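Data file: input.txt. Format and content: compact mmCIF, C-alpha atoms.
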```txt
# COMPACT_ATOMS: atom_id res chain seq x y z
CA MET A 175 106.24 109.90 113.87
CA ARG A 176 105.78 109.13 110.20
CA LEU A 177 105.36 105.49 109.23
CA SER A 178 106.45 105.59 105.59
CA PHE A 179 109.30 103.15 106.40
CA LEU A 180 106.58 100.48 106.78
CA GLU A 181 105.12 100.93 103.28
CA PRO A 182 106.99 97.86 101.86
CA LEU A 183 105.11 95.70 104.37
CA TYR A 184 101.77 96.39 102.76
CA ALA A 185 102.74 96.30 99.09
CA GLU A 186 101.44 92.73 98.90
CA PRO A 187 98.53 91.06 100.72
CA GLY A 188 99.20 88.58 103.50
CA PRO A 189 99.54 86.23 105.17
CA TYR A 190 102.75 87.46 106.77
CA VAL A 191 105.44 86.05 108.99
CA SER A 192 106.60 88.56 111.62
CA VAL A 193 109.74 87.73 113.62
CA TYR A 194 111.34 89.59 116.56
CA LEU A 195 114.65 88.11 117.67
CA ASP A 196 117.42 89.01 120.11
CA THR A 197 120.63 89.08 118.01
CA SER A 198 122.91 90.69 120.60
CA ARG A 199 126.57 89.81 120.31
CA ASN A 200 127.82 90.84 123.75
CA ILE A 201 127.79 87.21 124.95
CA GLU A 202 129.99 84.17 124.46
CA HIS A 203 129.13 82.19 121.30
CA PRO A 204 126.42 84.59 120.06
CA GLU A 205 125.88 82.75 116.78
CA ARG A 206 125.02 79.56 118.63
CA ALA A 207 122.56 81.43 120.87
CA ILE A 208 120.90 83.10 117.87
CA ALA A 209 120.59 79.76 116.08
CA LEU A 210 118.90 78.19 119.10
CA ARG A 211 116.45 81.09 119.41
CA TRP A 212 115.60 80.90 115.73
CA ARG A 213 115.08 77.13 115.89
CA ARG A 214 112.37 77.60 118.54
CA LEU A 215 110.71 80.36 116.50
CA ARG A 216 110.87 78.29 113.31
CA GLU A 217 109.13 75.39 115.04
CA SER A 218 106.43 77.74 116.31
CA LEU A 219 105.87 79.21 112.84
CA SER A 220 105.63 75.75 111.33
CA ARG A 221 102.92 74.86 113.84
CA GLN A 222 101.09 78.09 112.92
CA GLY A 223 101.00 77.04 109.26
CA ALA A 224 103.95 78.83 107.65
CA ASP A 225 105.34 76.78 104.76
CA ARG A 226 108.93 75.52 104.55
CA GLY A 227 109.87 77.78 101.64
CA LEU A 228 108.96 80.91 103.57
CA LEU A 229 110.83 79.69 106.64
CA ASN A 230 113.93 78.99 104.54
CA VAL A 231 113.82 82.57 103.20
CA LEU A 232 113.87 83.86 106.76
CA GLU A 233 116.62 81.48 107.85
CA GLU A 234 118.95 82.93 105.24
CA VAL A 235 118.87 86.36 106.91
CA VAL A 236 118.44 85.52 110.60
CA GLY A 237 121.50 86.85 112.42
CA SER A 238 122.87 88.56 109.31
CA ASP A 239 123.37 91.81 111.28
CA THR A 240 126.87 90.74 112.28
CA GLU A 241 128.28 94.26 111.85
CA VAL A 242 126.10 95.61 114.70
CA PRO A 243 127.89 95.26 118.06
CA GLY A 244 126.39 95.13 121.53
CA LEU A 245 122.78 94.74 122.63
CA HIS A 246 120.23 94.87 119.82
CA GLY A 247 117.62 92.85 118.00
CA GLN A 248 116.42 91.99 114.52
CA THR A 249 112.93 92.06 113.05
CA LEU A 250 111.98 90.23 109.87
CA PHE A 251 108.79 90.24 107.80
CA ALA A 252 108.11 87.89 104.91
CA ALA A 253 105.18 87.00 102.67
CA HIS A 254 104.59 84.92 99.54
CA GLY A 255 108.06 83.40 99.65
CA MET A 256 109.82 86.78 99.84
CA LEU A 257 111.50 88.85 102.53
CA VAL A 258 109.68 92.19 102.60
CA LEU A 259 111.41 93.97 105.50
CA ASN A 260 114.60 93.39 107.48
CA GLY A 261 115.10 95.86 110.32
CA GLU A 262 117.42 96.44 113.25
CA LEU A 263 116.03 96.96 116.75
CA PRO A 264 117.89 99.35 119.07
CA ARG A 265 116.84 97.14 122.00
CA PRO A 266 116.45 93.36 122.07
CA PRO A 267 112.79 92.33 122.25
CA GLU A 268 111.62 91.44 125.74
CA HIS A 269 110.69 88.04 124.36
CA ASP A 270 111.58 86.48 121.02
CA SER A 271 108.37 86.10 119.03
CA ALA A 272 107.14 84.81 115.69
CA ARG A 273 103.65 85.23 114.28
CA TYR A 274 101.98 83.96 111.11
CA SER A 275 98.91 86.09 110.47
CA THR A 276 96.89 87.93 107.83
CA LEU A 277 98.35 91.29 108.94
CA PRO A 278 101.97 91.96 109.95
CA ASP A 279 102.74 92.37 113.64
CA ALA A 280 104.30 95.82 113.15
CA MET A 281 103.49 97.67 116.39
CA PRO A 282 106.55 96.36 118.33
CA LEU A 283 108.77 97.71 115.54
CA VAL A 284 106.96 101.05 115.62
CA THR A 285 107.34 101.40 119.38
CA GLN A 286 111.08 100.70 119.11
CA HIS A 287 111.30 103.88 116.98
CA VAL A 288 109.66 106.01 119.70
CA PRO A 289 110.37 108.83 120.58
CA GLU A 290 112.10 109.32 117.19
CA ILE A 291 114.03 112.46 118.17
CA PRO A 292 116.30 113.98 115.50
CA TYR A 293 119.59 115.17 116.97
CA MET A 294 123.26 115.89 116.40
CA ALA A 295 126.03 114.46 118.60
CA VAL A 296 129.44 116.16 118.75
CA VAL A 297 132.61 114.94 120.47
CA VAL A 298 135.65 117.22 120.80
CA HIS A 299 138.89 115.61 121.98
CA TYR A 300 142.02 117.47 123.13
CA GLY A 301 144.64 116.26 125.55
CA GLY A 302 146.82 119.34 126.05
CA LEU A 303 146.75 122.54 128.08
CA PRO A 304 143.72 124.87 127.78
CA THR A 305 145.50 127.45 125.64
CA ALA A 306 145.99 128.08 121.96
CA GLU A 307 149.69 128.74 122.46
CA THR A 308 150.72 125.12 122.80
CA HIS A 309 151.33 122.33 120.34
CA GLY A 310 148.84 119.58 119.66
CA TRP A 311 145.64 118.76 117.88
CA VAL A 312 141.93 119.07 118.49
CA THR A 313 139.76 116.35 116.93
CA LEU A 314 136.07 116.80 116.27
CA GLU A 315 133.57 114.13 115.32
CA ALA A 316 129.91 114.83 114.65
CA GLU A 317 127.00 112.62 113.70
CA THR A 318 123.31 113.24 113.08
CA GLY A 319 120.70 110.61 113.80
CA THR A 320 117.22 109.84 115.05
CA TRP A 321 117.03 108.50 118.59
CA PRO A 322 116.86 105.60 119.42
CA VAL A 323 117.14 103.85 116.02
CA SER A 324 120.49 105.53 115.36
CA THR A 325 122.09 103.35 118.04
CA VAL A 326 122.15 100.49 115.53
CA THR A 327 122.05 102.54 112.32
CA PRO A 328 124.47 105.41 112.92
CA GLY A 329 124.49 108.21 110.38
CA GLU A 330 127.35 109.58 108.32
CA ARG A 331 130.08 110.94 110.56
CA LEU A 332 132.01 114.17 110.14
CA HIS A 333 135.73 114.08 111.11
CA HIS A 334 138.07 117.06 111.59
CA ARG A 335 141.58 117.35 113.01
CA VAL A 336 142.69 120.90 113.74
CA ALA A 337 145.97 122.29 115.08
CA VAL A 338 145.26 123.74 118.53
CA ALA A 339 146.94 126.99 117.54
CA ILE A 340 144.15 127.73 115.05
CA TRP A 341 141.28 126.08 116.94
CA HIS A 342 139.65 129.41 117.83
CA ARG A 343 139.50 130.51 114.19
CA THR A 344 138.61 127.11 112.75
CA ALA A 345 135.83 126.52 115.31
CA LEU A 346 133.88 129.43 113.80
CA ARG A 347 133.93 127.83 110.35
CA LEU A 348 133.13 124.40 111.78
CA GLY A 349 130.23 125.88 113.72
CA HIS A 350 128.57 127.01 110.51
CA ARG A 351 129.14 123.60 108.95
CA LEU A 352 127.58 121.89 111.96
CA ASP A 353 124.65 124.29 111.74
CA GLU A 354 124.02 123.26 108.12
CA ARG A 355 124.04 119.56 109.02
CA ALA A 356 121.77 120.09 112.02
CA ARG A 357 119.28 122.05 109.90
CA ARG A 358 119.18 119.29 107.27
CA ALA A 359 118.51 116.76 110.03
CA HIS A 360 115.89 119.02 111.71
CA ALA A 361 117.79 118.36 114.94
CA ASP A 362 115.88 118.99 118.18
CA ALA A 363 119.08 118.93 120.23
CA VAL A 364 122.86 119.15 119.84
CA VAL A 365 124.55 116.92 122.41
CA VAL A 366 128.19 117.88 123.02
CA GLY A 367 130.83 115.98 124.99
CA GLY A 368 134.60 115.88 125.32
CA ASP A 369 137.33 118.21 126.54
CA GLU A 370 135.82 121.13 128.47
CA TRP A 371 138.07 123.90 127.10
CA ALA A 372 137.87 122.80 123.46
CA CYS A 373 134.08 122.28 123.72
CA ASN A 374 133.59 125.73 125.21
CA VAL A 375 135.53 127.31 122.36
CA LEU A 376 133.33 125.55 119.83
CA ILE A 377 130.03 126.28 121.58
CA ARG A 378 130.76 130.00 121.88
CA ARG A 379 131.29 130.12 118.13
CA LEU A 380 128.13 128.26 117.11
CA PRO A 381 125.34 130.28 115.45
CA HIS A 382 122.85 131.43 118.10
CA ALA A 383 119.99 129.20 116.91
CA LEU A 384 122.20 126.11 117.17
CA ARG A 385 123.78 127.19 120.46
CA ASP A 386 120.33 127.32 122.05
CA LYS A 387 119.91 123.59 121.31
CA VAL A 388 123.20 122.52 122.96
CA VAL A 389 123.11 119.97 125.78
CA ARG A 390 126.48 119.43 127.49
CA VAL A 391 127.25 115.93 128.75
CA GLY A 392 130.11 114.40 130.69
CA GLY A 393 131.53 110.92 130.98
CA ARG A 394 133.65 108.86 128.63
CA THR A 395 133.41 109.78 124.95
CA PRO A 396 134.86 106.92 122.85
CA THR A 397 134.28 107.28 119.13
CA ASP A 398 135.18 103.77 117.92
CA THR A 399 132.36 101.67 119.40
CA GLY A 400 130.54 100.98 116.13
CA ARG A 401 127.41 102.37 117.78
CA ALA A 402 125.92 105.87 117.90
CA LEU A 403 128.28 108.65 118.93
CA LEU A 404 127.68 109.45 122.65
CA GLU A 405 125.16 106.60 122.92
CA PRO A 406 125.19 106.30 126.76
CA GLN A 407 124.76 110.05 127.20
CA LEU A 408 122.01 110.24 124.57
CA ASP A 409 119.98 107.73 126.53
CA GLY A 410 120.09 110.00 129.56
CA VAL A 411 119.28 113.15 127.57
CA PHE A 412 116.30 111.74 125.69
CA ARG A 413 114.73 109.34 128.20
CA GLY A 414 111.15 110.46 128.82
CA ARG A 415 111.38 113.23 126.23
CA MET A 416 109.08 113.73 123.23
CA ALA A 417 110.24 114.86 119.80
CA ALA A 418 109.50 118.55 119.18
CA HIS A 419 107.28 117.63 116.23
CA ASP A 420 105.21 115.23 118.33
CA ARG A 421 104.98 117.79 121.13
CA GLU A 422 103.59 120.28 118.65
CA LEU A 423 100.91 117.79 117.54
CA VAL A 424 99.93 117.15 121.17
CA ASP A 425 99.60 120.89 121.78
CA ILE A 426 97.39 121.19 118.69
CA PHE A 427 95.23 118.33 119.97
CA ILE A 428 94.82 120.00 123.37
CA GLY A 429 93.85 123.27 121.68
CA ARG A 430 91.32 121.60 119.40
CA ARG A 431 89.86 119.63 122.29
CA ALA A 432 89.29 122.88 124.22
CA LEU A 433 87.61 124.57 121.23
CA ASP A 434 85.72 121.53 119.95
CA GLY A 435 87.87 121.55 116.83
CA PRO A 436 88.63 118.82 114.27
CA MET A 437 89.68 115.92 116.52
CA THR A 438 88.31 112.69 117.93
CA GLU A 439 88.77 110.92 121.24
CA GLY A 440 87.88 107.35 122.09
CA LEU A 441 88.13 104.20 119.99
CA ALA A 442 84.77 104.27 118.17
CA PRO A 443 84.95 107.82 116.70
CA THR A 444 88.65 107.38 115.90
CA VAL A 445 88.02 104.15 113.99
CA ALA A 446 85.18 105.89 112.14
CA ALA A 447 87.55 108.72 111.15
CA LEU A 448 90.13 106.18 109.92
CA GLN A 449 87.43 104.58 107.76
CA ARG A 450 86.97 107.96 106.04
CA GLY A 451 90.70 108.74 105.70
CA GLN A 452 90.28 111.80 107.91
CA VAL A 453 93.05 111.10 110.42
CA ALA A 454 96.18 113.23 110.10
CA ALA A 455 97.77 111.91 113.32
CA LEU A 456 96.71 109.15 115.70
CA LEU A 457 97.52 109.71 119.39
CA LEU A 458 97.97 106.75 121.75
CA ASN A 459 98.77 106.67 125.45
CA ARG A 460 100.20 103.18 124.92
CA PRO A 461 100.13 100.48 122.27
CA PRO A 462 96.79 98.62 122.41
CA ALA A 463 96.70 95.29 124.21
CA SER A 464 97.08 92.32 121.89
CA SER A 465 93.79 90.92 123.21
CA LEU A 466 91.73 93.78 121.71
CA ARG A 467 90.14 93.12 118.33
CA LEU A 468 88.72 95.01 115.35
CA TRP A 469 87.08 93.69 112.20
CA ALA A 470 89.02 94.33 108.98
CA GLY A 471 88.72 93.87 105.24
CA SER A 472 91.35 93.78 102.50
CA GLN A 473 91.88 97.59 102.36
CA PRO A 474 93.53 99.81 105.03
CA THR A 475 90.37 101.85 105.65
CA GLN A 476 88.17 98.76 105.96
CA LEU A 477 88.05 98.43 109.73
CA ALA A 478 85.21 98.55 112.23
CA LEU A 479 84.22 97.61 115.76
CA SER A 480 81.81 94.92 114.58
CA GLU A 481 81.44 92.46 111.74
CA ALA A 482 77.94 93.76 110.99
CA GLU A 483 79.19 97.32 110.51
CA LEU A 484 81.87 96.25 108.05
CA THR A 485 79.47 94.02 106.17
CA SER A 486 77.04 96.94 105.85
CA PHE A 487 79.77 98.79 103.92
CA GLY A 488 79.84 96.00 101.37
CA VAL A 489 83.02 94.34 102.64
CA ARG A 490 83.01 90.63 101.90
CA ALA A 491 84.36 88.09 104.39
CA PRO A 492 85.69 90.50 107.04
CA ARG A 493 88.18 89.08 109.52
CA GLU A 494 88.67 89.70 113.20
CA GLU A 495 92.16 91.18 113.69
CA ARG A 496 94.24 92.55 116.52
CA VAL A 497 93.60 96.26 117.09
CA ASP A 498 97.28 97.20 116.91
CA GLU A 499 97.80 95.41 113.58
CA ALA A 500 94.70 96.95 112.02
CA LEU A 501 95.54 100.45 113.25
CA VAL A 502 99.11 100.40 111.93
CA ARG A 503 97.94 99.23 108.50
CA ALA A 504 95.31 102.00 108.42
CA LEU A 505 97.87 104.66 109.37
CA VAL A 506 100.37 103.53 106.74
CA GLY A 507 97.68 103.18 104.08
CA THR A 508 96.30 106.69 104.67
CA GLY A 509 99.62 108.46 105.29
CA ALA A 510 98.73 109.36 108.88
CA GLU A 511 101.27 109.91 111.66
CA LEU A 512 101.47 108.21 115.05
CA VAL A 513 102.19 109.93 118.36
CA VAL A 514 102.71 107.92 121.53
CA VAL A 515 102.10 110.36 124.39
CA PRO A 516 102.43 109.48 128.09
CA GLU A 517 99.29 109.83 130.22
CA SER A 518 101.21 112.30 132.38
CA GLU A 519 101.33 114.60 129.35
CA LEU A 520 97.82 113.96 127.99
CA ARG A 521 95.25 111.45 129.20
CA LEU A 522 93.08 110.26 126.33
CA TYR A 523 89.67 108.66 126.70
CA GLU A 524 90.17 104.92 126.08
CA GLY A 525 93.81 105.80 125.45
CA VAL A 526 93.27 106.94 121.86
CA GLY A 527 92.50 110.10 119.91
CA ALA A 528 93.19 111.70 116.56
CA LEU A 529 93.83 115.01 114.83
CA LEU A 530 91.65 115.21 111.74
CA ARG A 531 92.50 116.55 108.31
CA TYR A 532 88.95 117.87 107.86
CA THR A 533 85.43 117.58 109.19
CA ASP A 534 82.11 117.50 107.42
CA PRO A 535 78.50 116.70 108.40
CA GLY A 536 79.33 112.97 108.33
CA THR A 537 82.19 113.21 110.83
CA PRO A 538 81.36 111.15 113.95
CA SER A 539 81.33 113.06 117.24
```
Represent the structure from my file as structure tokens, please.
Amino acid sequence: MRLSFLEPLYAEPGPYVSVYLDTSRNIEHPERAIALRWRRLRESLSRQGADRGLLNVLEEVVGSDTEVPGLHGQTLFAAHGMLVLNGELPRPPEHDSARYSTLPDAMPLVTQHVPEIPYMAVVVHYGGLPTAETHGWVTLEAETGTWPVSTVTPGERLHHRVAVAIWHRTALRLGHRLDERARRAHADAVVVGGDEWACNVLIRRLPHALRDKVVRVGGRTPTDTGRALLEPQLDGVFRGRMAAHDRELVDIFIGRRALDGPMTEGLAPTVAALQRGQVAALLLNRPPASSLRLWAGSQPTQLALSEAELTSFGVRAPREERVDEALVRALVGTGAELVVVPESELRLYEGVGALLRYTDPGTPS
């Protein structure tokens, strides 16, 4: 996955406040519950040293995602008296958290974007007989998105209402329109639900390349939930699945590993490659434990396993930082991608590896 959406976080130096908060509204008196959660986090941040002005900036936007129904969360980042990022979480955080630190606590936000699968969802409704010789209407709704973030940030939706008598002819034209939208979204899959007869007519008229990506799903198909179209079915389709782009990067890594190509494996050589801006994509089996530490300077590529190493590069006053925070900053700062790959797909030494943009005699091995 590409991390360009995090660039605003690093436009200014820290310290940062990072907040993860359950803002679900599927309970009685949700506003009261959100206010209580925020009060506990505010007290924690105050004890950590965050000033009142910064906390007031955050308080103005806590719970402002009132238009998002159902289970979800909110993440907020602020620095120097300004809000720098306000994001929606497709799942509530396991625990509300607030951190005041020199680097933003961005890894939980990143992992909520995984597996970042581009897709198109299509619902076709028809309540009549399975024939084109009756009266009635077929309705089609389609939406592109990136799973799972699209659950709380649905994309633009396409609506069509077609007389059943001309559904066969119109489905051909709609199929080409859906193909255009899917191509623009680089959709890995087209998930289709609704009336069996009307769906079959549409699918048979889709261009071959799009038809090969179709996944049929059953179950209820409401279109007025305010959430992603076919959200419950999408969860079943994409659970445990990797995005096609990430899968391709993993296959490249496996090939390079076999041929001793431009890649690294293990924490030390990967950190060394990040120092040199060589990493095109970082591969992780899982987010690093919060107890692990690296030494970091003021720039994204200033990171090392020891204080002495960083000092030897001329970095003044290096700081000990959490590995996950230092790695995310380095990836964003160097334009590198991140791939979270299960161990069942690829077991990495020390849980980390990287595809490199280039190698030279100074590349660590």
**Spatial neighbours of A:Leu348, max dist 12 Å, only C-alpha atoms, sep filter under 2 positions, as a PyMOL selection string** = chain A and resi 296+298+313-316+332-336+340-346+350-355+375-381
**Asked** Which residues come within 9 Å of A:Asp196, counting only C-alpha atoms, excluding same-chain residues fewer than 4 positions away, as a PyMOL selection string?
**Response** chain A and resi 208+211+237+245-249+263+265-270
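Minimum atom-to-atom distance to A:Val391, evaluated using all atoms listed in the file, belongs to A:Val297 out of A:Phe427, A:Gly329, A:Glu483, A:Val297.
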**Message:** Please compute the atom CA of A:Thr438-atom CA of A:Pro292 distance, one decimal, in Å.
**Reply:** 28.1 Å
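Checking A:Gln476, A:Thr197, A:Thr276, A:Thr397 one by one against A:Gly451, counting all atoms listed in the file, you find the shortest gap at A:Gln476.
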**Asked** With only C-alpha atoms as the basis for distance, which of A:Met294, A:Ala402, A:Met175, A:Leu408 is at the shortest distance from A:Arg357?
**Response** A:Met294
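Distances to A:Ala185 were evaluated for A:Gln473, A:Ser518, A:Ser486, A:Ser271 using only C-alpha atoms, and the minimum falls at A:Gln473.
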Once 5 Å is added on each side, what centre and edge lengths in Å to one decimal does the axis-aligned box around all listed atoms of stretch 482-491 of chain A have, as lines of an AutoDock Vina configuration file?
```
center_x = 80.7
center_y = 93.4
center_z = 106.2
size_x = 17.3
size_y = 20.7
size_z = 19.6
```
**Asked** What is the atom CA of A:Ala455 to atom CA of A:Asp420 distance in Å?
**Response** 9.6 Å
**Prompt:** What is the atom CA of A:Leu468 to atom CA of A:Glu517 distance in Å?
**Reply:** 23.5 Å
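Of the residues listed (A:Gly301, A:Gly440, A:Gly410, A:Gly255), A:Gly440 shows the shortest atom-to-atom separation from A:Glu524; distances use all atoms listed in the file.
Residue nearest A:Leu505, chosen from A:Phe412, A:Leu180, A:Tyr194, A:Gly302 and counting all atoms listed in the file: A:Leu180.
Within a radius of 12 Å around (91.6, 106.5, 125.1), the polymer residues are Thr438, Glu439, Gly440, Leu441, Ala442, Pro443, Thr444, Val445, Leu456, Leu457, Leu458, Asn459, Arg460, Pro461, Pro462, Val514, Val515, Pro516, Glu517, Leu520, Arg521, Leu522, Tyr523, Glu524, Gly525, Val526, Gly527 and Ala528 of chain A, counting all atoms listed in the file.
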